[in-house]
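File shown here: upload34.csv, holding CSV, C-alpha atoms.
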```csv
chain,number,residue,atom,x,y,z
A,1,MET,CA,17.3,8.3,5.5
A,2,ASN,CA,15.5,11.5,4.9
A,3,SER,CA,12.1,12.2,6.5
A,4,TYR,CA,10.2,11.9,3.2
A,5,LEU,CA,11.7,8.5,2.5
A,6,LYS,CA,10.8,7.4,6.0
A,7,PHE,CA,7.3,8.6,5.5
A,8,LEU,CA,7.0,6.7,2.3
A,9,ASN,CA,8.3,3.5,3.9
A,10,ASP,CA,5.8,3.9,6.8
A,11,CYS,CA,2.9,4.4,4.3
A,12,ILE,CA,4.1,1.3,2.3
A,13,HIS,CA,4.1,-0.7,5.5
A,14,GLU,CA,0.6,0.4,6.5
A,15,CYS,CA,-0.7,-0.3,3.0
A,16,GLU,CA,0.9,-3.8,3.0
A,17,CYS,CA,-0.8,-4.5,6.4
A,18,ASN,CA,-4.2,-3.3,5.0
A,19,ILE,CA,-3.8,-5.6,2.0
A,20,GLN,CA,-2.9,-8.5,4.2
A,21,GLU,CA,-5.9,-7.9,6.5
A,22,ALA,CA,-8.3,-7.6,3.5
A,23,GLU,CA,-7.0,-10.8,1.9
A,24,GLU,CA,-7.4,-12.6,5.2
A,25,CYS,CA,-10.9,-11.3,5.5
A,26,LEU,CA,-11.8,-12.5,2.1
A,27,THR,CA,-10.5,-16.0,2.7
A,28,LYS,CA,-12.1,-16.6,6.1
A,29,GLY,CA,-15.4,-18.5,6.5
A,30,VAL,CA,-18.8,-17.0,5.8
A,31,VAL,CA,-18.7,-13.2,5.1
A,32,PRO,CA,-21.7,-11.1,4.1
A,33,PHE,CA,-21.7,-10.1,0.4
A,34,THR,CA,-21.6,-6.4,1.1
A,35,GLU,CA,-18.5,-6.8,3.3
A,36,ILE,CA,-16.9,-8.9,0.5
A,37,LYS,CA,-17.7,-6.2,-2.1
A,38,ASP,CA,-16.4,-3.4,0.1
A,39,THR,CA,-13.3,-5.3,1.0
A,40,LYS,CA,-12.5,-6.1,-2.7
A,41,GLU,CA,-12.9,-2.4,-3.5
A,42,PHE,CA,-10.6,-1.3,-0.7
A,43,LEU,CA,-8.1,-4.1,-1.7
A,44,GLU,CA,-8.0,-2.8,-5.2
A,45,GLU,CA,-7.4,0.8,-4.0
A,46,TRP,CA,-4.7,-0.3,-1.5
A,47,ARG,CA,-2.9,-2.2,-4.3
A,48,GLU,CA,-2.9,0.8,-6.5
A,49,GLU,CA,-1.7,3.0,-3.7
A,50,LEU,CA,1.0,0.6,-2.8
A,51,LYS,CA,2.2,0.6,-6.4
A,52,ASP,CA,2.3,4.4,-6.5
A,53,LEU,CA,4.1,4.6,-3.1
A,54,LYS,CA,6.8,2.1,-4.3
A,55,GLN,CA,7.3,4.2,-7.5
A,56,ARG,CA,7.7,7.3,-5.4
A,57,ARG,CA,10.1,5.6,-3.1
A,58,LYS,CA,12.2,4.4,-6.0
A,59,LYS,CA,12.2,7.9,-7.5
A,60,GLU,CA,13.2,9.4,-4.2
A,61,GLU,CA,16.0,6.8,-3.7
A,62,ASN,CA,17.3,7.5,-7.3
A,63,MET,CA,17.3,11.2,-6.6
A,64,LYS,CA,19.2,10.7,-3.4
A,65,LEU,CA,21.8,8.5,-5.3
A,66,ASN,CA,22.2,11.2,-8.0
A,67,LEU,CA,23.0,13.8,-5.3
A,68,THR,CA,25.8,11.8,-3.8
```
Final structure tokens representation of the file:
Amino acid sequence: MNSYLKFLNDCIHECECNIQEAEECLTKGVVPFTEIKDTKEFLEEWREELKDLKQRRKKEENMKLNLT
């Protein structure tokens, strides 16, 4: 695995962890409204970033397959 692909996988893992934490935060007991609003905004951003990272990883894997 090349270093760029490893980097993408690390970023994907971190993003997935952030999403999981945010979802857990939103489902726990009483949370201040401002925290909910911020968490929802971050969650939306992380989901978009995750989608982009997975597309990049797929493109990188396809490029690697085409080279072999």
Quick one, how far is atom CA of A:Lys28 from atom CA of A:Asp52?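 Interatomic distance here is 28.4 Å.
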Residue neighbourhood A:Leu8, 7 Å, all atoms listed in the file, exclusion window fewer than 3 positions, as JSON, numbers by chain: {"A": [4, 5, 11, 12, 53, 57]}
List as a ChimeraX atom specification the protein and nucleic acid residues near stretch 17-20 of chain A, meaning an atom at most 12 Å away when all atoms listed in the file are counted, but skip any in the same chain fewer than 5 places from it. /A:10-12,25-27,39-50
Within 12 Å of A:Glu61 using only C-alpha atoms, minus same-chain residues under 3 positions, as a list of chain:residue names: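 Within the cut-off, the hits are A:Met1, A:Asn2, A:Tyr4, A:Leu5, A:Lys6, A:Leu8, A:Asn9, A:Lys54, A:Gln55, A:Arg56, A:Arg57, A:Lys58, A:Lys64, A:Leu65, A:Asn66, A:Leu67, A:Thr68.
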Give me a file of those residues, with C-alpha atoms, as a short mmCIF file (atom, residue, chain, number, x, y, z; two decimals), in the frame of the given file.
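Output file again-v9.cif follows:
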```cif
data_model
loop_
_atom_site.label_atom_id
_atom_site.label_comp_id
_atom_site.auth_asym_id
_atom_site.auth_seq_id
_atom_site.Cartn_x
_atom_site.Cartn_y
_atom_site.Cartn_z
CA MET A 1 17.30 8.30 5.50
CA ASN A 2 15.50 11.50 4.90
CA TYR A 4 10.20 11.90 3.20
CA LEU A 5 11.70 8.50 2.50
CA LYS A 6 10.80 7.40 6.00
CA LEU A 8 7.00 6.70 2.30
CA ASN A 9 8.30 3.50 3.90
CA LYS A 54 6.80 2.10 -4.30
CA GLN A 55 7.30 4.20 -7.50
CA ARG A 56 7.70 7.30 -5.40
CA ARG A 57 10.10 5.60 -3.10
CA LYS A 58 12.20 4.40 -6.00
CA LYS A 64 19.20 10.70 -3.40
CA LEU A 65 21.80 8.50 -5.30
CA ASN A 66 22.20 11.20 -8.00
CA LEU A 67 23.00 13.80 -5.30
CA THR A 68 25.80 11.80 -3.80
#
```
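Proximity ranking of A:Phe7, A:Glu24, A:Glu35, A:Glu14 relative to A:Glu60 places A:Phe7 first, based on only C-alpha atoms.
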As an exercise, work out the distance from atom CA of A:Ser3 to atom CA of A:Glu16 in Å and give it to one decimal place. 19.8 Å
